[in-house]
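Here is the structure we will look at.
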Amino acid sequence: MDIAKQNYYWWNKWSGAAVIILMVIAVPVFTIFFKIFEPPGNSWRHLSENLLAGYFLDTILLLLGVAFFTFLIGVTSAWLVSNYDFPGRRYFEWLLILPLGFPGYIMAYTYTGMLDYAGPIQSFLRNSLDIHITGSLLDIMNLPGAVFILSITLFPYVFVISRSSFLQQSKTLQEASALLGSSRWRTFQKVALPLARPAIVGGIALASMEVLNDYGTVKYFGVNTFTTGIFRAWFSMGDATTAIYLSAILMLFVFTILYLESLQRGNRQFGNANSLTKPLERVQINWQKKAVFTTFCTMLFLISFLIPLIQIIYWVLLTYEKVINYDFFLLIFRSFSLAAGTGIAVVILAVVLLYALRLSPFKWMKNVTKIATLGYAIPGAVIAVGIMVPLLGFDKWVTGIISPDNVRLLLSGTLFGLVFAYIVRFMAVGYNPIDSGFQKIGIHINEASRLLGKGSTKTLWKIDLPLIKPSLFSGILLVFVDVLKELPLTLILRPFNYHTLATKAFDMATNEMIAESANAALIIILTGIIPIIFLNRMIRRKEA
Amino acid sequence: MTILELQSVEKKYSQAENFAVKDVSFKVTSGEILALVGESGSGKTTLLRLIAGLEHPDNGIIYLSGNKIVEGRKSVPSNQRKVGMVFQDYALFPHLTILENVKFGLPKNLPDPEKVAKDTLKLVGLSENFSKYPHQLSGGQQQRVALARAIAPQPSILLMDEPFSNLDAMLKDQVREEIRQIIKKTGVTAIFVTHDTRDALSTADRIAILHKGRLQQIDSPRNLYEKPVNAYVANFFGKRNEILATPTVDGFYTPFGFIADERSKQYSEKVRLLFRPEHATLYNEVGQVLNGSIFKVSYYGDHQIVKLADEDGKRVSIKTSPHLDLSNLTQVGFSLDYFEVEPAF
């Protein structure tokens, strides 16, 4: 126990590992940042003169449209289920979260197929009512269509977050407002809504991130956003620098949204200082109102989830004999193992990062470690470009040393690049449950073990990990689901001819095989619903 | 034999304005029980965690069992220090049985760890159901398990963070005595942190008083109580009366009368006489050494506090038996059993 042999207390192997992980995770962002100082590629001029204005316009209109509709639908439905008692209210509380399990691109081509000439609606009109329509019943393959699709899949972000905000508001505040003579509507406008504003805007910001990340919907509908621009530059023009320029602009959108969100939040945390908050008492209403509210929620659920799901199941019934074969099972197996492997990798890295933070004497480490979770805000296409460029550079460098005449691919175009990108993008998804797991068990238990002579590694294995097991599982599960439905990043980084369920479904749909694509889509949706039900049960248990 | 020594230990948290611990030095001898006492924010818990190696000082040296375990920013990790600790929330491992909890810290080369663990549990007064889990035990039992877990590996020193704060008042007296017995039986050196002076006075061999990160005084309970080095320490243990007095050759003139006392020879200027309410004796008649008029009598069941006033309205409080009948009296006499003298200015 000689002091001279002891290290400085603030350095240990965990902080070393954390620093390395953080640096690796920051690679895509650094790439974009440093590459924008390089001269533009060949196609930049053409693109900036002819396409850039369109990218801006479509992206901004899409963002504003989705923000408006998610706000409208999300807040209305949240206010209804948290304030009034009407038939089915208890079910809508979680049914209206389910659309989150529906990836936007699947929703997009499901609706397209439904409204199509050969789709069920037109077939019905034609065959039963003898009404003939030429072309699509309602052309949704345009910007308003994309707003519609993204709004019905993303409104649950706003719904969930504003519902919990409404529920947390003190009953006494609303009672005070009522006693001061306000109607229910005025109370909503003047008290409940302003109090919930930070939460609601947070929900809209999340939805906006998803809009910027989306590739499948806009591509399918022919809307030209920055994401589709990055794909065009990368695949059609083969121009990495232009893709990076576009990525940098897209990142500006992200940072603007994050900045506006934090600006509006300010220092205001409209929490309740008073812990004696009683839950809101639901208002009893007459049957006419009940009928209206139930109808509204039912319609919303039908449009955003049930009807498209039934359509998909119908397609599966039509095509499963053709589609489900050995290759399809191989595809499922591959997708699942890729998603599970990524989930496990993310959780391991998150544990290392958070354990380093746990042992660190420095409070500011918390903010440094948070860097690892920023990937969730960065659109998949940007991460993909930010990873592909350095990987290609690395391959050229290494093979150039070995045999200068024969430059080959080592890391780029392999699963390594893909999993790396998934980890960057979904670190936050695994990080947050583990963070709260560690916080829940407290630090004393870890300190007690170390005082009893166990080193930090042994303490992690014997004490911390067994106690946060549920958090580890939910971390893996959440990452699993996100990886399974991920599209843009996978399309850019997947190895040649390698398919996941998501890329296969998208591929089939864009190749006029919508009905066939439903088989893969159904698996993605059903797995996507699992964590929603799982999380909802956890919330319920907490409320009980 | 000195088992623990701190030399000029200092600690400042990064965001804090003041030092959490400033220039603290003291020694602890083998087998003694030391209490670290102070208000919240005085640095007492930080000091305990510095000794445990859970926090790291900015400056200073710490020796434990003759080894230098801290020097400036270098330090021996907690797991190599052989320090036992009982946390305020006990920090029992919820997924392990109480026997496994106690076995957890035992060295690998021990021939029969099971027996050592069981013996330690019996020592702290737990004798059955070693296969229970912590959540199945009462708070008091959990504390015993935590104590057993800490002392089973025979640590060089035992640290306890607020060991009595989670107990209700009825249980406290009993637990204090039991824990003192257990510690003395094992012969382990112990340091505990408390904000309750009664815990410290009744349990500790010596007490260290901390205020704003600085060590005010470290001494036996009696000396701290009777000979506090400064006003902070004195007031920490309860009220002290002050009387202004003029020294003469053979005593002090006070507004309540004259006290004969040898110490008066050392002073020429006015002095303050300091005494605690229980260090005076009250008589239900006048004509004693000192006399005053009754201002207020407060009855507390097991004692009463009598406030006396002099002619100028200056007051002193005196603790007396609840049976002393003071009704219908306006004037009473009193004498001082023990008092300190300080220059007045």
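Residues are referred to by chain and number: the chain letter is A, B, ... according to the order shown in the structure tokens, the number counts from 1 in that chain, and ligands are numbered separately from 1 in the order shown.
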
What are the nearest atom pairs, with distances in Å to one decimal, for all residues of chain B that come at most 8 Å from chain A, using only C-alpha atoms, set out by chain and rising residue number as CSV?
residue,atom,partner,partner_atom,distance
B:Ser14,CA,A:Phe362,CA,7.9
B:Ala52,CA,A:Leu451,CA,7.4
B:Leu54,CA,A:Glu447,CA,7.1
B:Glu55,CA,A:Pro361,CA,7.2
B:His56,CA,A:Tyr9,CA,7.3
B:Asn67,CA,A:Met1,CA,7.0
B:Lys68,CA,A:Ile3,CA,6.1
B:Ile69,CA,A:Ile3,CA,5.9
B:Val70,CA,A:Ile3,CA,7.0
B:Glu71,CA,A:Ile3,CA,7.4
B:Arg73,CA,A:Tyr8,CA,6.1
B:Lys74,CA,A:Tyr8,CA,4.7
B:Ser75,CA,A:Tyr9,CA,5.9
B:Val76,CA,A:Gln6,CA,5.8
B:Pro77,CA,A:Tyr9,CA,7.4
B:Ser78,CA,A:Leu451,CA,5.4
B:Asn79,CA,A:Gly453,CA,4.0
B:Gln80,CA,A:Gly453,CA,6.0
B:Arg81,CA,A:Leu451,CA,7.5
B:Lys82,CA,A:Gly453,CA,6.9
B:Val83,CA,A:Leu451,CA,6.1
B:Gly84,CA,A:Leu451,CA,6.3
B:Met85,CA,A:Leu451,CA,7.1
B:Phe87,CA,A:His444,CA,7.2
B:Ala91,CA,A:Ile445,CA,4.8
B:Leu92,CA,A:Ile445,CA,6.7
B:Phe93,CA,A:Ile445,CA,6.5
B:His95,CA,A:Leu467,CA,7.1
B:Phe104,CA,A:Leu452,CA,7.2
B:Gly105,CA,A:Leu452,CA,4.5
B:Leu106,CA,A:Leu452,CA,7.7
B:Ala150,CA,A:Leu452,CA,7.4
B:Pro153,CA,A:Leu452,CA,7.7

Q: Determine which residues of region 71-172 of chain B receive a DSSP assignment of strand (DSSP E or B), computed from the backbone, and state them as a PyMOL selection string.
A: chain B and resi 71+74-75+83-86+157-161

Export of prior selection with N, CA, C and O atoms as a tab-separated table (two decimals), in the first residue's frame:
chain	number	residue	atom	x	y	z
B	71	GLU	N	-1.49	11.59	-0.24
B	71	GLU	CA	-0.54	12.68	-0.23
B	71	GLU	C	-0.90	13.58	-1.40
B	71	GLU	O	-0.71	13.21	-2.56
B	74	LYS	N	-2.41	12.32	-4.86
B	74	LYS	CA	-2.23	10.88	-5.02
B	74	LYS	C	-2.92	10.19	-3.87
B	74	LYS	O	-2.86	10.66	-2.73
B	75	SER	N	-3.55	9.07	-4.18
B	75	SER	CA	-4.19	8.40	-3.06
B	75	SER	C	-4.37	6.91	-3.33
B	75	SER	O	-4.46	6.48	-4.47
B	83	VAL	N	-10.78	-0.14	5.18
B	83	VAL	CA	-11.61	0.74	5.98
B	83	VAL	C	-13.03	0.18	5.96
B	83	VAL	O	-13.52	-0.20	4.91
B	84	GLY	N	-13.63	0.07	7.14
B	84	GLY	CA	-15.02	-0.40	7.18
B	84	GLY	C	-15.94	0.79	7.27
B	84	GLY	O	-15.61	1.79	7.90
B	85	MET	N	-17.10	0.70	6.61
B	85	MET	CA	-17.99	1.86	6.68
B	85	MET	C	-19.44	1.42	6.79
B	85	MET	O	-19.88	0.50	6.11
B	86	VAL	N	-20.17	2.09	7.68
B	86	VAL	CA	-21.62	1.90	7.78
B	86	VAL	C	-22.26	3.16	7.23
B	86	VAL	O	-22.07	4.25	7.77
B	157	ILE	N	-9.99	0.64	10.60
B	157	ILE	CA	-10.81	1.68	11.22
B	157	ILE	C	-12.24	1.51	10.73
B	157	ILE	O	-12.48	1.07	9.60
B	158	LEU	N	-13.19	1.82	11.60
B	158	LEU	CA	-14.60	1.71	11.25
B	158	LEU	C	-15.20	3.10	11.16
B	158	LEU	O	-15.06	3.90	12.09
B	159	LEU	N	-15.82	3.41	10.02
B	159	LEU	CA	-16.44	4.72	9.83
B	159	LEU	C	-17.95	4.56	9.81
B	159	LEU	O	-18.48	3.62	9.22
B	160	MET	N	-18.64	5.47	10.47
B	160	MET	CA	-20.11	5.40	10.47
B	160	MET	C	-20.67	6.78	10.17
B	160	MET	O	-20.32	7.76	10.83
B	161	ASP	N	-21.55	6.83	9.16
B	161	ASP	CA	-22.15	8.10	8.77
B	161	ASP	C	-23.53	8.23	9.40
B	161	ASP	O	-24.43	7.47	9.05

I'd like the neighbourhood of Gly66 (chain B) as an mmCIF file with N, CA and C atoms, in the first residue's frame, where a residue qualifies if any of its atoms comes within 8 Å (using only C-alpha atoms), though same-chain residues fewer than 3 positions away should be ignored.
data_model
loop_
_atom_site.group_PDB
_atom_site.id
_atom_site.type_symbol
_atom_site.label_atom_id
_atom_site.label_comp_id
_atom_site.auth_asym_id
_atom_site.auth_seq_id
_atom_site.Cartn_x
_atom_site.Cartn_y
_atom_site.Cartn_z
ATOM 1 N N ILE B 3 -3.463 5.354 15.106
ATOM 2 C CA ILE B 3 -3.885 4.507 13.985
ATOM 3 C C ILE B 3 -4.193 5.346 12.759
ATOM 4 N N LEU B 4 -4.665 6.561 13.000
ATOM 5 C CA LEU B 4 -5.020 7.446 11.883
ATOM 6 C C LEU B 4 -4.476 8.831 12.174
ATOM 7 N N TYR B 63 -2.323 9.337 7.097
ATOM 8 C CA TYR B 63 -1.703 8.047 7.415
ATOM 9 C C TYR B 63 -2.751 7.151 8.025
#

(Q) Report, in Å to a single decimal, how far apart CA of Asn286 (chain A) and CA of Thr76 (chain A) are. (A) 18.6 Å

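With distances restricted to only C-alpha atoms, A:Leu246 is the closest residue to Leu51 (chain A) from A:Ala381, A:Leu338, A:Leu246, A:Ile530.
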
Q | Between CA of Ala196 (chain A) and CA of Ile371 (chain A), distance in Å (one decimal) | A |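 These two atoms are separated by 27.5 Å.
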
Q: Per DSSP on the backbone, filter region 14-216 of chain B down to the residues in helix (DSSP H, G or I) and report them as JSON, numbers by chain.
A: {"B": [44, 45, 46, 47, 48, 49, 50, 51, 52, 78, 79, 80, 98, 99, 100, 101, 102, 103, 113, 114, 115, 116, 117, 118, 119, 120, 121, 122, 123, 134, 135, 136, 139, 140, 141, 142, 143, 144, 145, 146, 147, 148, 149, 150, 151, 169, 170, 171, 172, 173, 174, 175, 176, 177, 178, 179, 180, 181, 182, 183, 184, 185, 186, 197, 198, 199, 200, 201, 202, 203]}

Q: Could you jot down the CA of Phe26 (chain B) to CA of Ile209 (chain B) separation for me, Å, one decimal place?
A: 11.6 Å
